[in-house]
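Participant: Take this structure, written in structure tokens, and hold onto it; I'll ask about it next.
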Amino acid sequence: MVAADNLQKMSEEAKFNLVAYLKERQKLCEAALDEAIPVIYPEKIYESMRYSLLAGGKRLRPILCLATCEMMGGTIEMAMPTACAVEMIHTMSLIHDDLPAMDNDDYRRGMLTNHKVYGEDIAILAGDGLLAYAFELVAIRTPEIVPRDKVLQVIARLGRALGAAGLVGGQVVDLESEGKSDISLETLNFIHNHKTAALLEACVVCGGILASASLEDIQRLTRYSQNIGLAFQIIDDILDITSTQEQLGKTAGKDLLAQKVTYPSLWGIEQSKVKAQELIEAACAELEPFGERAQPLVAIAHFITSRNH
């Protein structure tokens, strides 16, 4: 029976072309991001914002937002402003994360980091500009077909995912934990549930909110996204050890140099892979009630554990 179920799942996955799906959605996101921030006076700040925002990347976060909205009966148009906003917030976090006062990295997505090109002062302001505009974009560009109370919920979710209760809080504990050898699994989970998973969760849940998903479905989406968020970080930790700078697009081996406790340092690489796969399977189980409509989200979840950068 189990073998038959696995064959059925493989058959269903074979029908869905994830590579083509990601390529198509990535193209839509790139066009929307390019249009969202034109270069006007003072040109330097807009050029700096665009430098990092349009530097490529997988665009998984905006694509997750679009895919969830569509799965719940919404449209790409309804979700695109929020999808762009989460990518702006994510890009801000990368610009600031790479600063000398934080993780101090010279490369991101295969290019020099923002502060290496524009200086630390402009890089900080570029991150601030992207963050502020993200919320403005959701407020003024979300189509009127989306109820205003749903737009307000999205803005609140994004704010929480970003602030001290989310990404910022996770980053603080991460910085405080550097160089300490006695960091517990509980602390490590706190760091990454906040620093990485919180924004991924917001991408997915906000897509559902925009499509007026039920409370029960929002809870399913929350569990799905929390599981893929933690799996994403586990794989990131593994890739920091096993991949080259060329593959990652950023400096490899930085976790070891910074003496950071990671999932592989606690569990080993093979056990970390097993844990990540268990999280992905738990995530996909949450999507079973949605049937074929969930194919993109299921495929993206499996992609997270199979990627090499």
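How things are named: the first chain in the structure tokens is A, the next is B, and so on; residues count from 1 in each chain; ligands count from 1 in the order shown.
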Fewer than 3 positions away in the same chain doesn't count, so skip those; otherwise give me all residues within 8 Å of region 81-96 of chain A, counting only C-alpha atoms, as JSON, numbers by chain.
Facilitator: {"A": [29, 32, 33, 52, 53, 59, 61, 62, 63, 65, 66, 77, 78, 99, 102, 113, 114, 115, 123, 124, 126, 127, 128, 130, 131, 133, 134, 135, 137, 138, 141, 142, 154, 158, 162, 199, 203, 206, 207]}
Participant: Take the selection from the previous step and output its residues with N, CA and C atoms, as an mmCIF file, in the first residue's frame.
Facilitator:
data_model
loop_
_atom_site.group_PDB
_atom_site.id
_atom_site.type_symbol
_atom_site.label_atom_id
_atom_site.label_comp_id
_atom_site.auth_asym_id
_atom_site.auth_seq_id
_atom_site.Cartn_x
_atom_site.Cartn_y
_atom_site.Cartn_z
ATOM 1 N N CYS A 29 7.795 38.133 -11.495
ATOM 2 C CA CYS A 29 8.268 38.858 -10.314
ATOM 3 C C CYS A 29 9.343 39.863 -10.684
ATOM 4 N N ALA A 32 7.770 42.907 -12.289
ATOM 5 C CA ALA A 32 7.040 43.723 -11.307
ATOM 6 C C ALA A 32 8.006 44.489 -10.407
ATOM 7 N N LEU A 33 9.095 43.860 -9.995
ATOM 8 C CA LEU A 33 10.085 44.528 -9.145
ATOM 9 C C LEU A 33 10.792 45.649 -9.903
ATOM 10 N N SER A 52 20.645 45.725 -5.448
ATOM 11 C CA SER A 52 20.453 44.500 -4.667
ATOM 12 C C SER A 52 19.123 43.822 -4.975
ATOM 13 N N LEU A 53 18.080 44.616 -5.194
ATOM 14 C CA LEU A 53 16.756 44.041 -5.434
ATOM 15 C C LEU A 53 16.706 43.253 -6.739
ATOM 16 N N ARG A 59 13.905 33.955 -6.043
ATOM 17 C CA ARG A 59 12.583 34.584 -5.885
ATOM 18 C C ARG A 59 11.579 33.613 -5.269
ATOM 19 N N ARG A 61 10.459 33.460 -2.219
ATOM 20 C CA ARG A 61 9.500 34.091 -1.305
ATOM 21 C C ARG A 61 8.317 34.698 -2.044
ATOM 22 N N PRO A 62 8.553 35.553 -3.054
ATOM 23 C CA PRO A 62 7.383 36.059 -3.785
ATOM 24 C C PRO A 62 6.614 34.968 -4.513
ATOM 25 N N ILE A 63 7.319 33.967 -5.020
ATOM 26 C CA ILE A 63 6.637 32.883 -5.731
ATOM 27 C C ILE A 63 5.751 32.093 -4.771
ATOM 28 N N CYS A 65 4.238 33.320 -2.198
ATOM 29 C CA CYS A 65 3.078 34.173 -1.953
ATOM 30 C C CYS A 65 2.068 34.046 -3.095
ATOM 31 N N LEU A 66 2.557 34.128 -4.324
ATOM 32 C CA LEU A 66 1.678 34.007 -5.492
ATOM 33 C C LEU A 66 1.024 32.636 -5.547
ATOM 34 N N GLU A 77 -2.562 38.828 -9.762
ATOM 35 C CA GLU A 77 -2.706 40.288 -9.638
ATOM 36 C C GLU A 77 -3.010 40.691 -8.193
ATOM 37 N N MET A 78 -3.833 39.912 -7.511
ATOM 38 C CA MET A 78 -4.178 40.210 -6.120
ATOM 39 C C MET A 78 -2.955 40.156 -5.208
ATOM 40 N N LEU A 99 26.535 43.755 6.147
ATOM 41 C CA LEU A 99 27.328 44.894 6.640
ATOM 42 C C LEU A 99 28.440 44.436 7.598
ATOM 43 N N MET A 102 27.539 43.362 11.034
ATOM 44 C CA MET A 102 26.716 42.155 11.173
ATOM 45 C C MET A 102 27.547 40.935 10.739
ATOM 46 N N THR A 113 28.701 42.894 -2.460
ATOM 47 C CA THR A 113 27.590 43.317 -1.608
ATOM 48 C C THR A 113 27.373 44.823 -1.741
ATOM 49 N N ASN A 114 26.176 45.266 -1.353
ATOM 50 C CA ASN A 114 25.775 46.649 -1.582
ATOM 51 C C ASN A 114 26.766 47.652 -0.987
ATOM 52 N N HIS A 115 27.204 47.395 0.248
ATOM 53 C CA HIS A 115 28.103 48.371 0.887
ATOM 54 C C HIS A 115 29.478 48.414 0.230
ATOM 55 N N ALA A 123 24.248 51.920 1.761
ATOM 56 C CA ALA A 123 23.698 50.565 1.887
ATOM 57 C C ALA A 123 22.644 50.502 2.996
ATOM 58 N N ILE A 124 22.945 51.112 4.127
ATOM 59 C CA ILE A 124 21.980 51.145 5.234
ATOM 60 C C ILE A 124 20.705 51.852 4.794
ATOM 61 N N ALA A 126 19.636 52.278 1.720
ATOM 62 C CA ALA A 126 18.961 51.496 0.677
ATOM 63 C C ALA A 126 18.065 50.434 1.312
ATOM 64 N N GLY A 127 18.580 49.775 2.348
ATOM 65 C CA GLY A 127 17.766 48.803 3.071
ATOM 66 C C GLY A 127 16.552 49.464 3.702
ATOM 67 N N ASP A 128 16.766 50.633 4.317
ATOM 68 C CA ASP A 128 15.663 51.379 4.928
ATOM 69 C C ASP A 128 14.623 51.770 3.879
ATOM 70 N N LEU A 130 13.970 50.308 0.977
ATOM 71 C CA LEU A 130 13.227 49.122 0.525
ATOM 72 C C LEU A 130 12.187 48.702 1.550
ATOM 73 N N LEU A 131 12.562 48.754 2.819
ATOM 74 C CA LEU A 131 11.652 48.354 3.885
ATOM 75 C C LEU A 131 10.422 49.260 3.928
ATOM 76 N N TYR A 133 9.226 51.213 1.561
ATOM 77 C CA TYR A 133 8.418 51.133 0.344
ATOM 78 C C TYR A 133 7.615 49.838 0.271
ATOM 79 N N ALA A 134 8.130 48.785 0.889
ATOM 80 C CA ALA A 134 7.402 47.502 0.881
ATOM 81 C C ALA A 134 5.998 47.676 1.443
ATOM 82 N N PHE A 135 5.878 48.359 2.564
ATOM 83 C CA PHE A 135 4.573 48.554 3.189
ATOM 84 C C PHE A 135 3.697 49.511 2.377
ATOM 85 N N LEU A 137 3.795 49.843 -0.828
ATOM 86 C CA LEU A 137 3.379 49.092 -2.013
ATOM 87 C C LEU A 137 2.138 48.246 -1.734
ATOM 88 N N VAL A 138 2.151 47.540 -0.608
ATOM 89 C CA VAL A 138 0.992 46.720 -0.241
ATOM 90 C C VAL A 138 -0.238 47.601 -0.059
ATOM 91 N N ARG A 141 -1.008 49.528 -3.817
ATOM 92 C CA ARG A 141 -1.065 48.792 -5.085
ATOM 93 C C ARG A 141 -1.948 47.543 -5.050
ATOM 94 N N THR A 142 -2.328 47.061 -3.870
ATOM 95 C CA THR A 142 -3.177 45.875 -3.821
ATOM 96 C C THR A 142 -4.529 46.206 -4.451
ATOM 97 N N VAL A 154 -2.447 41.763 6.199
ATOM 98 C CA VAL A 154 -1.169 41.481 5.534
ATOM 99 C C VAL A 154 -0.081 42.423 6.048
ATOM 100 N N LEU A 158 3.311 41.197 7.988
ATOM 101 C CA LEU A 158 4.653 41.518 7.504
ATOM 102 C C LEU A 158 5.452 42.258 8.569
ATOM 103 N N LEU A 162 8.902 40.805 10.486
ATOM 104 C CA LEU A 162 10.148 41.542 10.321
ATOM 105 C C LEU A 162 10.757 42.013 11.642
ATOM 106 N N LEU A 199 9.713 35.061 7.935
ATOM 107 C CA LEU A 199 9.380 35.747 6.691
ATOM 108 C C LEU A 199 8.804 34.774 5.664
ATOM 109 N N CYS A 203 5.127 35.048 3.840
ATOM 110 C CA CYS A 203 4.905 34.944 2.388
ATOM 111 C C CYS A 203 3.708 34.051 2.089
ATOM 112 N N CYS A 206 0.278 35.287 4.041
ATOM 113 C CA CYS A 206 -0.277 36.491 3.416
ATOM 114 C C CYS A 206 -0.932 36.167 2.071
ATOM 115 N N GLY A 207 -0.368 35.232 1.342
ATOM 116 C CA GLY A 207 -1.016 34.791 0.098
ATOM 117 C C GLY A 207 -2.398 34.228 0.372
#
Participant: Could you check how far CA of Asp98 (chain A) sits from CA of Glu120 (chain A), in Å to one decimal?
Facilitator: 10.0 Å
Participant: Excluding Leu287 (chain A) and any residue of its chain fewer than 3 positions from it, enumerate the residues within 9 Å of it, using only C-alpha atoms, and give them as a ChimeraX atom specification.
Facilitator: /A:220-221,224,283-284,290-291,294-295,297-298
Participant: Please write the residues from the selection above to a file, keeping C-alpha atoms, as a PDB file, in the first residue's frame.
Facilitator:
ATOM      1  CA  ARG A 220      -2.568  24.657   7.738  1.00  0.00           C
ATOM      2  CA  LEU A 221      -0.581  27.200   5.732  1.00  0.00           C
ATOM      3  CA  TYR A 224       3.366  24.145   6.165  1.00  0.00           C
ATOM      4  CA  ALA A 283       4.786  20.308   5.473  1.00  0.00           C
ATOM      5  CA  CYS A 284       3.357  18.516   2.444  1.00  0.00           C
ATOM      6  CA  PHE A 290      -6.070  21.056  -1.333  1.00  0.00           C
ATOM      7  CA  GLY A 291      -5.420  18.237  -3.806  1.00  0.00           C
ATOM      8  CA  ALA A 294      -1.275  22.336  -4.012  1.00  0.00           C
ATOM      9  CA  GLN A 295       1.139  20.921  -6.616  1.00  0.00           C
ATOM     10  CA  LEU A 297       3.683  24.357  -3.052  1.00  0.00           C
ATOM     11  CA  VAL A 298       4.433  20.641  -2.706  1.00  0.00           C
TER      12      VAL A 298
END
Participant: Which residue, A:Leu28, A:Gly129, A:Gly56, A:Lys260, has the smallest gap to Met111 (chain A) when you use only C-alpha atoms?
Facilitator: A:Gly56
Participant: So, counting only C-alpha atoms, which residue among A:Arg108, A:Lys275, A:Arg50, A:Lys58 is closest to Lys23 (chain A)?
Facilitator: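 The closest residue to Lys23 (chain A) is A:Lys58.
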Participant: Mind checking which residues fall within 10 Å of Glu70 (chain A), counting only C-alpha atoms, ignoring those fewer than 2 positions away in the same chain, and posting them as a ChimeraX atom specification?
Facilitator: /A:64-68,72-79,207-208,210-211,293-294,296
